[in-house]
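**Student:** Pasting a structure below so you can have a look.
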Amino acid sequence: MKLSHFYNQVVRFGASRDPRGKKAKIKRYPDTAILYGDPNTEIHKIMVGIDIEVAELLLAKEVRDREGLDLVLSHHPEGSAYASLHEVMQVQVDILDSLGVPRETAQKLLDERMQEVERRVLPQNHTRPVEAARLLDLPFMCMHTPADNHVFAFINDLLKTKKPKIVQDIVDMLMKVQEYKDAAKFSTGPRIISGNPKRAIGKISVEMTGGTEGSKDVFEKMRKAGVRTLICMHLSEEHLKKVRDADINVVIAGHISSDTLGINLLLDRMEKEENLEIISCSGFKRIRR
C-alpha cells in the first residue's frame, strides 16, 4: 500500500463516520496530513503512537535500523496539521444543532472558541518533530479527526444497542470495551466526574470528535435543549465548573484510551484491504476486532 493511498483511505474512512454524514462531502481533514515523506513510499510496517515527538522519532530510527520501518504515524497532529487544528472544530456546530441548540447560538460560541484555540496554537513550535523526521528521513503522518470520528460513531452505536438508563450504566457499558478496560488497570478508566451514578441519563451528548473542547459557555444552552448527560474524552476544570453550574452529568471515558479505540477501529478497516505490521508506542496499544 502506498503512503498516498493510506492517507486517502484514512480520509475516506473518517468521512464515512463523520457526524455530519454524506452532506459534509469531506475531501480532507486539516488535522490529518502526510507531514514528511514521498507519497509513493510503500507502507507495510508502521510505528503508531498517540503523540509522536522528537523522542519517538529517534526511537523509530532505532527500530528502523534494527528491523525496518516504513512509516511513523501519530494520532495528535503536528506541523501544519497542528496549526490548522481549529479548522476542524466546525463539526461541533452540526452536533449541537442535532441536539437542539439553536444553530446561530452554537456558531457564535464556537467562532469565539475557534479563535481562542487558533491563538493558543499559533506561537507553538509546530515544525519541530517534522524537521526531525526530515533529518532522520522517516516518513511521518498524523491522523486525528478520522480516528476520533470512529470513537464518536462507536459509542453512539453502543448507546443505541445497550440503552443505558442511569449514569452508572454508561460507565459499566464502557468498561466492557477492551481499551477502557485496559485503561482501568492504570487508574485511568471511565468515571463519573459530575452527577450522581443513579441519576437518569436523559438526552446524551457524545463529545469525542471536533478537534478539541468547544466553548465553556455552551452547557447552559445544552441544558435548555434537554441534554442531561455528556460523555467526553476529557474536560478542563473551567469547562467542568460550567457543566456543574448547568447541572449536567459527565462521564469521562478517558483521553488516551478513547484515542486508542479510534485508531484501532480505523486500522481494522485499513487492514481489511492489506495486512499491516504495527509497532505500538506512546500510549497506543493495537487491539484488533
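Here, A, B, ... name the chains of the C-alpha cells in the order displayed, residue numbers run from 1 inside each chain, and ligands are numbered from 1 in the same displayed order.
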With only C-alpha atoms counted and 10 Å as the cut-off, give the residues of region 136-221 of chain A in contact with region 249-266 of chain A, each with its shortest interatomic distance in Å and the pair that gives it, as CSV.
**Tutor:**
```
residue,atom,partner,partner_atom,distance
A:Met143,CA,A:Ile263,CA,8.4
A:His144,CA,A:Asp259,CA,8.7
A:Thr145,CA,A:Gly262,CA,9.3
A:Pro146,CA,A:Leu266,CA,7.8
A:Ala147,CA,A:Gly262,CA,4.5
A:Asp148,CA,A:Gly262,CA,5.5
A:Asn149,CA,A:Gly262,CA,7.3
A:His150,CA,A:Gly262,CA,5.2
A:Val151,CA,A:Gly262,CA,4.8
A:Phe152,CA,A:Gly262,CA,8.4
A:Ala153,CA,A:Gly262,CA,9.5
A:Phe154,CA,A:Gly262,CA,8.5
A:Ile155,CA,A:Ser258,CA,10.0
A:Val167,CA,A:Asn249,CA,7.4
A:Gln168,CA,A:Val251,CA,8.8
A:Ile170,CA,A:Val251,CA,7.6
A:Val171,CA,A:Val251,CA,7.2
A:Leu174,CA,A:Ala253,CA,7.3
A:Met175,CA,A:Ala253,CA,9.1
A:Val177,CA,A:Leu261,CA,8.8
A:Gln178,CA,A:Leu261,CA,8.6
A:Glu179,CA,A:Ser257,CA,5.5
A:Tyr180,CA,A:Ser257,CA,5.8
A:Lys181,CA,A:Ser257,CA,9.0
A:Asp182,CA,A:Ser257,CA,8.1
A:Ala183,CA,A:Ser257,CA,6.2
A:Ala184,CA,A:Gly254,CA,9.5
A:Thr188,CA,A:Gly254,CA,6.6
A:Gly189,CA,A:Gly254,CA,6.2
A:Pro190,CA,A:Ala253,CA,4.3
A:Arg191,CA,A:Ile252,CA,5.4
A:Ile192,CA,A:Val251,CA,4.5
A:Ile193,CA,A:Val250,CA,5.7
A:Ser194,CA,A:Val250,CA,4.9
A:Gly195,CA,A:Asn249,CA,4.5
A:Asn196,CA,A:Asn249,CA,7.5
A:Pro197,CA,A:Asn249,CA,8.8
A:Arg199,CA,A:Asn249,CA,8.3
A:Ala200,CA,A:Asn249,CA,9.2
A:Ile201,CA,A:Asn249,CA,7.4
A:Gly202,CA,A:Asn249,CA,9.5
A:Ile204,CA,A:Asn249,CA,9.2
A:Ser205,CA,A:Val250,CA,9.6
A:Val206,CA,A:Val251,CA,9.7
A:Glu207,CA,A:Ile252,CA,9.8
A:Met208,CA,A:Ser258,CA,8.0
```
**Student:** Please provide the set of residues having any atom within 12 Å of region 116-121 of chain A, restricted to only C-alpha atoms, with same-chain residues fewer than 5 positions apart removed, written as a count of residues only.
**Tutor:** 23
**Student:** Applying 9 Å and only C-alpha atoms, which residues near Cys142 (chain A) remain after dropping the ones on its own chain fewer than 6 positions away? List them as a ChimeraX atom specification.
**Tutor:** /A:31-35,52,72-78,81
**Student:** Any idea what the distance is between CA of Ile279 (chain A) and CA of Tyr29 (chain A)?
**Tutor:** 24.7 Å
**Student:** To one decimal in Å, tell me the separation between CA of His234 (chain A) and CA of Met270 (chain A).
**Tutor:** 27.1 Å
**Student:** Go through A:Met222, A:Leu159, A:Ala55, A:Ala24 one by one, measure the shortest atom-to-atom distance of each to Asp247 (chain A) using only C-alpha atoms, and give the residue with the smallest value.
**Tutor:** A:Met222
**Student:** Per DSSP on the backbone, filter region 161-210 of chain A down to the residues in alpha helix (DSSP H) and report them as JSON, numbers by chain.
**Tutor:** {"A": [161, 162, 167, 168, 169, 170, 171, 172, 173, 174, 178, 179, 180, 181, 182, 183, 184, 185]}
**Student:** Would you save the residues of that selection, restricted to N, CA, C and O atoms, as an mmCIF file, in the first residue's frame?
**Tutor:**
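Below is the file that was written, selection-v1.cif:
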```cif
data_model
loop_
_atom_site.group_PDB
_atom_site.id
_atom_site.type_symbol
_atom_site.label_atom_id
_atom_site.label_comp_id
_atom_site.auth_asym_id
_atom_site.auth_seq_id
_atom_site.Cartn_x
_atom_site.Cartn_y
_atom_site.Cartn_z
ATOM 1 N N THR A 161 -27.550 0.317 21.220
ATOM 2 C CA THR A 161 -27.670 -1.123 21.471
ATOM 3 C C THR A 161 -27.932 -1.426 22.943
ATOM 4 O O THR A 161 -28.819 -2.214 23.282
ATOM 5 N N LYS A 162 -27.143 -0.804 23.828
ATOM 6 C CA LYS A 162 -27.206 -1.126 25.267
ATOM 7 C C LYS A 162 -28.304 -0.377 26.003
ATOM 8 O O LYS A 162 -28.766 -0.827 27.055
ATOM 9 N N VAL A 167 -26.671 6.935 34.976
ATOM 10 C CA VAL A 167 -25.300 7.332 34.642
ATOM 11 C C VAL A 167 -24.313 6.188 34.838
ATOM 12 O O VAL A 167 -23.418 5.974 34.022
ATOM 13 N N GLN A 168 -24.475 5.417 35.914
ATOM 14 C CA GLN A 168 -23.561 4.300 36.165
ATOM 15 C C GLN A 168 -23.609 3.271 35.041
ATOM 16 O O GLN A 168 -22.591 2.614 34.745
ATOM 17 N N ASP A 169 -24.765 3.124 34.390
ATOM 18 C CA ASP A 169 -24.878 2.173 33.278
ATOM 19 C C ASP A 169 -23.903 2.524 32.154
ATOM 20 O O ASP A 169 -23.403 1.637 31.458
ATOM 21 N N ILE A 170 -23.645 3.825 31.962
ATOM 22 C CA ILE A 170 -22.720 4.244 30.904
ATOM 23 C C ILE A 170 -21.305 3.787 31.238
ATOM 24 O O ILE A 170 -20.593 3.251 30.374
ATOM 25 N N VAL A 171 -20.902 3.980 32.488
ATOM 26 C CA VAL A 171 -19.572 3.529 32.916
ATOM 27 C C VAL A 171 -19.451 2.021 32.741
ATOM 28 O O VAL A 171 -18.452 1.516 32.204
ATOM 29 N N ASP A 172 -20.476 1.285 33.169
ATOM 30 C CA ASP A 172 -20.461 -0.179 33.044
ATOM 31 C C ASP A 172 -20.383 -0.599 31.578
ATOM 32 O O ASP A 172 -19.683 -1.562 31.234
ATOM 33 N N MET A 173 -21.084 0.107 30.729
ATOM 34 C CA MET A 173 -21.074 -0.170 29.281
ATOM 35 C C MET A 173 -19.671 0.027 28.707
ATOM 36 O O MET A 173 -19.151 -0.822 27.970
ATOM 37 N N LEU A 174 -19.039 1.148 29.053
ATOM 38 C CA LEU A 174 -17.705 1.442 28.540
ATOM 39 C C LEU A 174 -16.664 0.454 29.069
ATOM 40 O O LEU A 174 -15.718 0.104 28.353
ATOM 41 N N GLN A 178 -12.479 -3.164 25.468
ATOM 42 C CA GLN A 178 -11.138 -3.556 25.905
ATOM 43 C C GLN A 178 -10.219 -2.368 26.177
ATOM 44 O O GLN A 178 -9.464 -2.357 27.158
ATOM 45 N N GLU A 179 -10.260 -1.350 25.319
ATOM 46 C CA GLU A 179 -9.380 -0.193 25.526
ATOM 47 C C GLU A 179 -9.648 0.502 26.850
ATOM 48 O O GLU A 179 -8.710 0.947 27.529
ATOM 49 N N TYR A 180 -10.931 0.596 27.240
ATOM 50 C CA TYR A 180 -11.278 1.226 28.515
ATOM 51 C C TYR A 180 -10.987 0.291 29.689
ATOM 52 O O TYR A 180 -10.586 0.743 30.769
ATOM 53 N N LYS A 181 -11.167 -0.991 29.462
ATOM 54 C CA LYS A 181 -10.835 -1.977 30.495
ATOM 55 C C LYS A 181 -9.332 -1.936 30.797
ATOM 56 O O LYS A 181 -8.916 -1.975 31.958
ATOM 57 N N ASP A 182 -8.524 -1.842 29.741
ATOM 58 C CA ASP A 182 -7.068 -1.747 29.938
ATOM 59 C C ASP A 182 -6.697 -0.461 30.675
ATOM 60 O O ASP A 182 -5.823 -0.454 31.544
ATOM 61 N N ALA A 183 -7.369 0.640 30.329
ATOM 62 C CA ALA A 183 -7.076 1.920 30.981
ATOM 63 C C ALA A 183 -7.368 1.847 32.476
ATOM 64 O O ALA A 183 -6.647 2.442 33.295
ATOM 65 N N ALA A 184 -8.409 1.105 32.852
ATOM 66 C CA ALA A 184 -8.775 0.996 34.267
ATOM 67 C C ALA A 184 -7.664 0.340 35.086
ATOM 68 O O ALA A 184 -7.499 0.633 36.279
ATOM 69 N N LYS A 185 -6.868 -0.517 34.445
ATOM 70 C CA LYS A 185 -5.753 -1.167 35.142
ATOM 71 C C LYS A 185 -4.694 -0.153 35.559
ATOM 72 O O LYS A 185 -3.910 -0.396 36.473
#
```
**Student:** Grab the CA of Met114 (chain A) to CA of Glu56 (chain A) distance for me, in Å with one decimal place.
**Tutor:**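 According to the coordinates, CA of Met114 (chain A) and CA of Glu56 (chain A) are separated by 29.3 Å.
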